[in-house]
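These notes concern the structure reproduced below.
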2 protein chains.
Amino acid sequence: MRVTLKDIAKKVGFSITTVSRALGGYDDVAEETRRLIVQTAEEMGYRPNVVARWLQKQRTDTLGFVIPTFGPRFSDPYFSELLAGIGNEAASHDYDLLVSTHPPDTPEEAQAYERLVKERRVDGVLVTRTRINDARIAYLLEQGFPFAAFGRTQVDSAFPCVDVDGGLGVFNATRHLIELGHRDIAIILPPPNLQFTVYRQAGFYQAMDGRGLVVEPAWEESADLTERGGYAAASRLLASARRPTAIIAGNDLMALGAMRAAQARGLSVGKELSIVGFDDIVLAEHANPPLTTVRQPIYEIGRQVCRILVRILSGEPLKAQECQVIFEPELVIRDSSGSPFG
Amino acid sequence: MRVTLKDIAKKVGFSITTVSRALGGYDDVAEETRRLIVQTAEEMGYRPNVVARWLQKQRTDTLGFVIPTFGPRFSDPYFSELLAGIGNEAASHDYDLLVSTHPPDTPEEAQAYERLVKERRVDGVLVTRTRINDARIAYLLEQGFPFAAFGRTQVDSAFPCVDVDGGLGVFNATRHLIELGHRDIAIILPPPNLQFTVYRQAGFYQAMDGRGLVVEPAWEESADLTERGGYAAASRLLASARRPTAIIAGNDLMALGAMRAAQARGLSVGKELSIVGFDDIVLAEHANPPLTTVRQPIYEIGRQVCRILVRILSGEPLKAQECQVIFEPELVIRDSSGSPFG
DNA sequence: CTGTTAGCGCGTTCAA
DNA sequence: TTGAACGCGCTAACAG
């Protein structure tokens, strides 16, 4: 049986209240009493019942994180790193992390949020991969529930978020390809309902327009952020008679898929076809050839998002610029991009 | 402000108890009363306070999962899939999942378990990647705390676990290589403190010995399950004057690293050097060349482990064979393995 | 069928 | 410096 304050109180002959205070580190307990109580508690292996404490404090010291994942085999390292960042930061502030995975924009996902919020299972939630007119954000704002997001979205009120300047990232990637001599550049965009797709697409057009290059409509594909999706999209791009000399993929996984598609057609990636990704997951560096990509410090972002949420929960007043952090992505040039002239 | 049973009671004029019973679906409430109460609760947007319920029921309907991860950039898709499997199964039984990540065999990890167990944060825990003389298992058994593990280990008492027959997996992989004509086969083992390393190594020896082949001591490497580790280990293997014609890697990530190392030396994988992995993560299929590997159904295993734990928690008596499930792995032959004669 | 009473284990008044 | 009493919100045992 678990030992409670009551048990200790009985043993030492003091009241539950005194024991509670002694263990809680209050200074209105006689030094000797405290010593006795602390030692006894130790001996008896006392550990506070957190649930009782939660009920009393009306907090759970827990954060919620609903991972928006498609099929069951969710394996985008992106989420793993984010999870690690969030989890470690949370732990360092003595918060626990409640995790669940649900397909985006489904009733189950909405329900998951409602459970967390309405039943007060957690003190705050982390949101990632924001969508256009994101219902999750709208809901949380409407409920006045504490949260922080990785990614922006259009809503009336500002909200705490961290993001990477994806527009700039793709802009730089495109410029890099143009400078290598590419003119026929295709793009495999992430799903159109995702917020960052907007920015990345804009960055692409901006870079192309700026150099007087036109974007071939047929060379604007869209896929689901998986290797499989990237493979399929790239296959379509490469099937046409006149094909692009370079492909920008919306994330690394799709880029890896695109690489496979190119190689399946006997194309040498980095020579006959250049490919650029986005994220810089660990595998990017170990791809064959190593993938040129736009690096986002996902682990760091996870920590940052979590830190903001924790600070909000601590009641600390935050300045606006501390709430809205935009990271600058970094172009990492490897071997998958090269001159189209060989 | 949140609405509680008390608020509803006040409004409808019944006692808190009656309201509780009406909402709880007990049948000793007048039909009309129930209707009134249910409707009022709905109108007022009532949601039970789970924490209060937990305190009363002495359960949290939550499972704990401590992911043993090395560096911060934990990106083994293995864990993602396992997490998804566990999470989805847990959700389907109305359990929440508390997740944290800690480096294996560290004080922080031990502390994480102690928190979960001693403070009764969760009703049971999931353990993965079991180690030789696993301190976590020993602790949980000693505390009599409900758990289920992915992986076996040596302890006095039997415990609920799911595992894959890694020995058989590596045995089959080795035989596959031998049948292709390989004689000079190297192996990159997982860290020696992991339980499955024992089985996989045994499977390797068994297959080699069975065909009268000797295992070259210098061709037995060990690495940390990352691409980086696999790259380094393979580089050492390939640096020697006489080098193996095939490498079996302890997991897919290391196999991918080994592929890179081989390709960096200009070796054609699948022809000049065959490589076999273990796991069949999604990327294995999309590697270049596609990776021959031993498939473990990780998502399914996650569900299974979780299901066992849930059944234990429900007090359902389990037969021994329901508690100790060993999956048979499946060899998936792709292009990274081929005849050494070209 | 319904209400009263009694906890779950802890923190926090308030009075002594 | 200490303790009694109360409440967090809910469920359960017992009366009526």
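Just remember, in the structure tokens the first chain shown is A, the second B, etc., residues are 1-based per chain, and ligands are 1-based in the order shown.
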
Residue neighbourhood DC1 in chain C, 10 Å, only C-alpha atoms (C1' of nucleotides), exclusion window fewer than 4 positions, as a CSV table (one decimal) with N, CA and C atoms, in the first residue's frame:
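What follows is the written file result_21.csv:
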```csv
chain,number,residue,atom,x,y,z
B,18,THR,N,-27.4,12.4,-7.2
B,18,THR,CA,-28.3,12.0,-8.3
B,18,THR,C,-27.8,12.5,-9.7
B,27,ASP,N,-28.9,2.9,-13.5
B,27,ASP,CA,-30.3,2.8,-13.8
B,27,ASP,C,-31.3,3.0,-12.7
B,28,ASP,N,-30.7,3.5,-11.6
B,28,ASP,CA,-31.6,3.8,-10.4
B,28,ASP,C,-32.0,5.3,-10.4
B,29,VAL,N,-32.3,5.8,-11.5
B,29,VAL,CA,-32.7,7.2,-11.6
B,29,VAL,C,-33.9,7.3,-12.4
B,30,ALA,N,-34.9,8.1,-12.0
B,30,ALA,CA,-36.1,8.2,-12.7
B,30,ALA,C,-35.9,8.7,-14.1
B,31,GLU,N,-36.6,8.1,-15.1
B,31,GLU,CA,-36.3,8.4,-16.5
B,31,GLU,C,-36.4,9.9,-16.7
B,33,THR,N,-36.1,12.4,-14.5
B,33,THR,CA,-35.0,13.1,-13.9
B,33,THR,C,-33.8,13.0,-14.7
```

Using 12 Å as the limit and counting only C-alpha atoms (C1' of nucleotides), can you tabulate each residue of chain C that touches chain A, with its shortest atom-to-atom distance in Å and the two atoms involved, as a Markdown table?
```
| residue | atom | partner | partner_atom | distance |
| --- | --- | --- | --- | --- |
| C:DC8 | C1' | A:Ala52 | CA | 7.9 |
| C:DG9 | C1' | A:Ala52 | CA | 5.0 |
| C:DC10 | C1' | A:Arg53 | CA | 5.4 |
| C:DG11 | C1' | A:Gln56 | CA | 6.5 |
| C:DT12 | C1' | A:Thr17 | CA | 9.3 |
| C:DT13 | C1' | A:Thr17 | CA | 11.6 |
```

Mind checking DSSP for range 226-338 of chain A and telling me the helix (DSSP H, G or I) residues as a PyMOL selection string?
chain A and resi 227-239+252-264+282-286+298-313+320-323

Dump as a short mmCIF file (atom, residue, chain, number, x, y, z; two decimals), in the first residue's frame, selection limited to C-alpha atoms:
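The result, stored in again_0.cif:
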```
data_model
loop_
_atom_site.label_atom_id
_atom_site.label_comp_id
_atom_site.auth_asym_id
_atom_site.auth_seq_id
_atom_site.Cartn_x
_atom_site.Cartn_y
_atom_site.Cartn_z
CA GLU A 227 8.58 9.42 -49.85
CA ARG A 228 5.86 7.61 -51.69
CA GLY A 229 4.17 10.88 -52.56
CA GLY A 230 7.43 12.41 -53.65
CA TYR A 231 8.18 9.39 -55.78
CA ALA A 232 4.85 9.58 -57.53
CA ALA A 233 5.00 13.31 -58.10
CA ALA A 234 8.53 13.18 -59.44
CA SER A 235 7.59 10.30 -61.70
CA ARG A 236 4.89 12.44 -63.24
CA LEU A 237 7.29 15.32 -63.69
CA LEU A 238 9.90 13.15 -65.32
CA ALA A 239 7.47 11.34 -67.58
CA ASP A 252 13.18 15.88 -47.36
CA LEU A 253 11.07 12.78 -47.39
CA MET A 254 9.51 13.80 -50.71
CA ALA A 255 12.94 14.75 -51.97
CA LEU A 256 14.21 11.27 -51.17
CA GLY A 257 11.24 9.83 -53.00
CA ALA A 258 11.99 12.08 -55.94
CA MET A 259 15.58 10.91 -55.94
CA ARG A 260 14.41 7.34 -56.13
CA ALA A 261 12.08 8.16 -59.00
CA ALA A 262 14.88 9.85 -60.90
CA GLN A 263 17.27 6.99 -60.31
CA ALA A 264 14.63 4.49 -61.33
CA VAL A 282 19.34 13.21 -40.43
CA LEU A 283 18.86 11.00 -43.44
CA ALA A 284 19.35 13.89 -45.84
CA GLU A 285 23.03 13.85 -45.13
CA HIS A 286 23.19 10.12 -45.64
CA ILE A 298 13.48 21.26 -35.60
CA TYR A 299 14.75 20.05 -32.27
CA GLU A 300 15.54 23.60 -31.28
CA ILE A 301 12.16 24.76 -32.48
CA GLY A 302 10.50 22.11 -30.36
CA ARG A 303 12.29 23.38 -27.31
CA GLN A 304 11.47 26.96 -28.14
CA VAL A 305 7.76 26.33 -28.65
CA CYS A 306 7.59 24.43 -25.44
CA ARG A 307 9.51 27.07 -23.58
CA ILE A 308 7.09 29.74 -24.69
CA LEU A 309 4.15 27.68 -23.54
CA VAL A 310 5.75 27.02 -20.18
CA ARG A 311 6.41 30.69 -19.69
CA ILE A 312 2.84 31.51 -20.54
CA LEU A 313 1.65 28.97 -18.02
CA ALA A 320 5.33 40.24 -28.29
CA GLN A 321 8.67 39.49 -29.85
CA GLU A 322 9.20 36.68 -27.40
CA CYS A 323 5.94 35.10 -28.48
#
```

Please return, as number ranges by chain, all residues of chain D lying within 9 Å of chain B when only C-alpha atoms (C1' of nucleotides) are considered.
D: 8-11

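The nearest approach to chain A among the residues B:Ala112, B:Leu225, B:Ala249, B:Ala241, with only C-alpha atoms taken into account, belongs to B:Ala112.
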
From the DSSP assignment of the backbone, select every residue of range 62-289 of chain A that is strand (DSSP E or B), and format the answer as a ChimeraX atom specification.
/A:62-68,96-102,124-128,131,147-150,161-164,185-189,194,220-222,246-249,269,273-279

So which residues touch DA13 in chain D within 12 Å, counting only C-alpha atoms (C1' of nucleotides), skipping near sequence neighbours fewer than 3 positions away, as a ChimeraX atom specification?
/C:4-7

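Between chain A and the residues B:Val127, B:Val215, B:Leu97, B:Ala110, the shortest atom-to-atom distance, using only C-alpha atoms, involves B:Leu97.
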
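Our summary of the geometry notes that CA of Ala9 in chain B is positioned 8.3 Å from CA of Ile37 in chain B.
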
Find the residues near Ala207 in chain B: any atom within 10 Å, counting only C-alpha atoms (C1' of nucleotides), skip ones fewer than 4 places away on the same chain, and give them as a PyMOL selection string.
chain B and resi 167-168+170-176+178+202-203+211-213

Residues near DA16 in chain C, cut-off 12 Å, only C-alpha atoms (C1' of nucleotides), skip fewer than 5 positions along chain, as a VMD selection string
chain D and resid 1 to 4

Now that the selection is made, can you save its residues with N, CA and C atoms (P, O5', C5', C4', C3', O3' and C1' of nucleotides) as a compact mmCIF listing (two decimals), in the first residue's frame?
```txt
# COMPACT_ATOMS: atom_id res chain seq x y z
P DT D 1 9.06 28.90 14.80
O5' DT D 1 8.05 27.69 15.08
C5' DT D 1 8.34 26.74 16.07
C4' DT D 1 7.03 26.10 16.42
C3' DT D 1 6.58 25.00 15.46
O3' DT D 1 6.52 23.79 16.20
C1' DT D 1 4.79 26.50 15.97
P DT D 2 6.18 22.46 15.52
O5' DT D 2 4.60 22.48 15.51
C5' DT D 2 3.90 22.09 16.68
C4' DT D 2 2.43 22.30 16.50
C3' DT D 2 1.73 21.32 15.58
O3' DT D 2 1.11 20.33 16.39
C1' DT D 2 0.85 23.53 15.43
P DG D 3 0.43 19.06 15.67
O5' DG D 3 -1.08 19.57 15.55
C5' DG D 3 -1.72 20.04 16.71
C4' DG D 3 -3.13 20.47 16.37
C3' DG D 3 -3.89 19.48 15.49
O3' DG D 3 -5.23 19.42 15.95
C1' DG D 3 -3.85 21.58 14.44
P DA D 4 -6.18 18.26 15.56
O5' DA D 4 -7.58 19.02 15.53
C5' DA D 4 -7.68 20.32 16.07
C4' DA D 4 -8.83 21.06 15.40
C3' DA D 4 -9.84 20.16 14.69
O3' DA D 4 -11.11 20.77 14.81
C1' DA D 4 -8.80 21.57 13.10
```

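Candidate residues A:Lys319, A:Arg129, A:Arg334, A:Lys271 were compared for distance to Leu291 in chain A, and the nearest is A:Arg334, using only C-alpha atoms.
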
Give me, please, the distance in Å between CA of Asn133 in chain A and CA of Thr153 in chain A, quoted to one decimal.
6.3 Å

Range 187-197 of chain B surroundings by only C-alpha atoms (C1' of nucleotides), 7 Å radius, close-in-sequence under 6 positions cut, as number ranges by chain:
B: 130-132, 152-153, 166, 219-225, 233, 247-250

May I have the residues from that selection written out with C-alpha atoms, as a PDB file, in the first residue's frame?
```pdb
ATOM      1  CA  THR B 130      15.242  -4.224 -23.463  1.00  0.00           C
ATOM      2  CA  ARG B 131      18.747  -4.568 -22.173  1.00  0.00           C
ATOM      3  CA  ILE B 132      20.718  -7.367 -20.633  1.00  0.00           C
ATOM      4  CA  ARG B 152      12.879 -10.075 -23.541  1.00  0.00           C
ATOM      5  CA  THR B 153      15.540 -10.034 -20.863  1.00  0.00           C
ATOM      6  CA  GLY B 166      15.737 -11.802 -34.023  1.00  0.00           C
ATOM      7  CA  TRP B 219      34.535  -8.616 -39.246  1.00  0.00           C
ATOM      8  CA  GLU B 220      32.427  -8.392 -36.186  1.00  0.00           C
ATOM      9  CA  GLU B 221      31.781  -4.724 -35.619  1.00  0.00           C
ATOM     10  CA  SER B 222      29.494  -3.007 -33.185  1.00  0.00           C
ATOM     11  CA  ALA B 223      27.782   0.357 -33.519  1.00  0.00           C
ATOM     12  CA  ASP B 224      25.113   2.488 -31.966  1.00  0.00           C
ATOM     13  CA  LEU B 225      22.135   1.907 -34.276  1.00  0.00           C
ATOM     14  CA  ALA B 233      31.693   0.647 -38.765  1.00  0.00           C
ATOM     15  CA  ILE B 247      27.538  -6.941 -44.444  1.00  0.00           C
ATOM     16  CA  ILE B 248      24.648  -7.649 -42.150  1.00  0.00           C
ATOM     17  CA  ALA B 249      23.681  -4.597 -40.151  1.00  0.00           C
ATOM     18  CA  GLY B 250      21.884  -4.679 -36.824  1.00  0.00           C
TER      19      GLY B 250
END
```
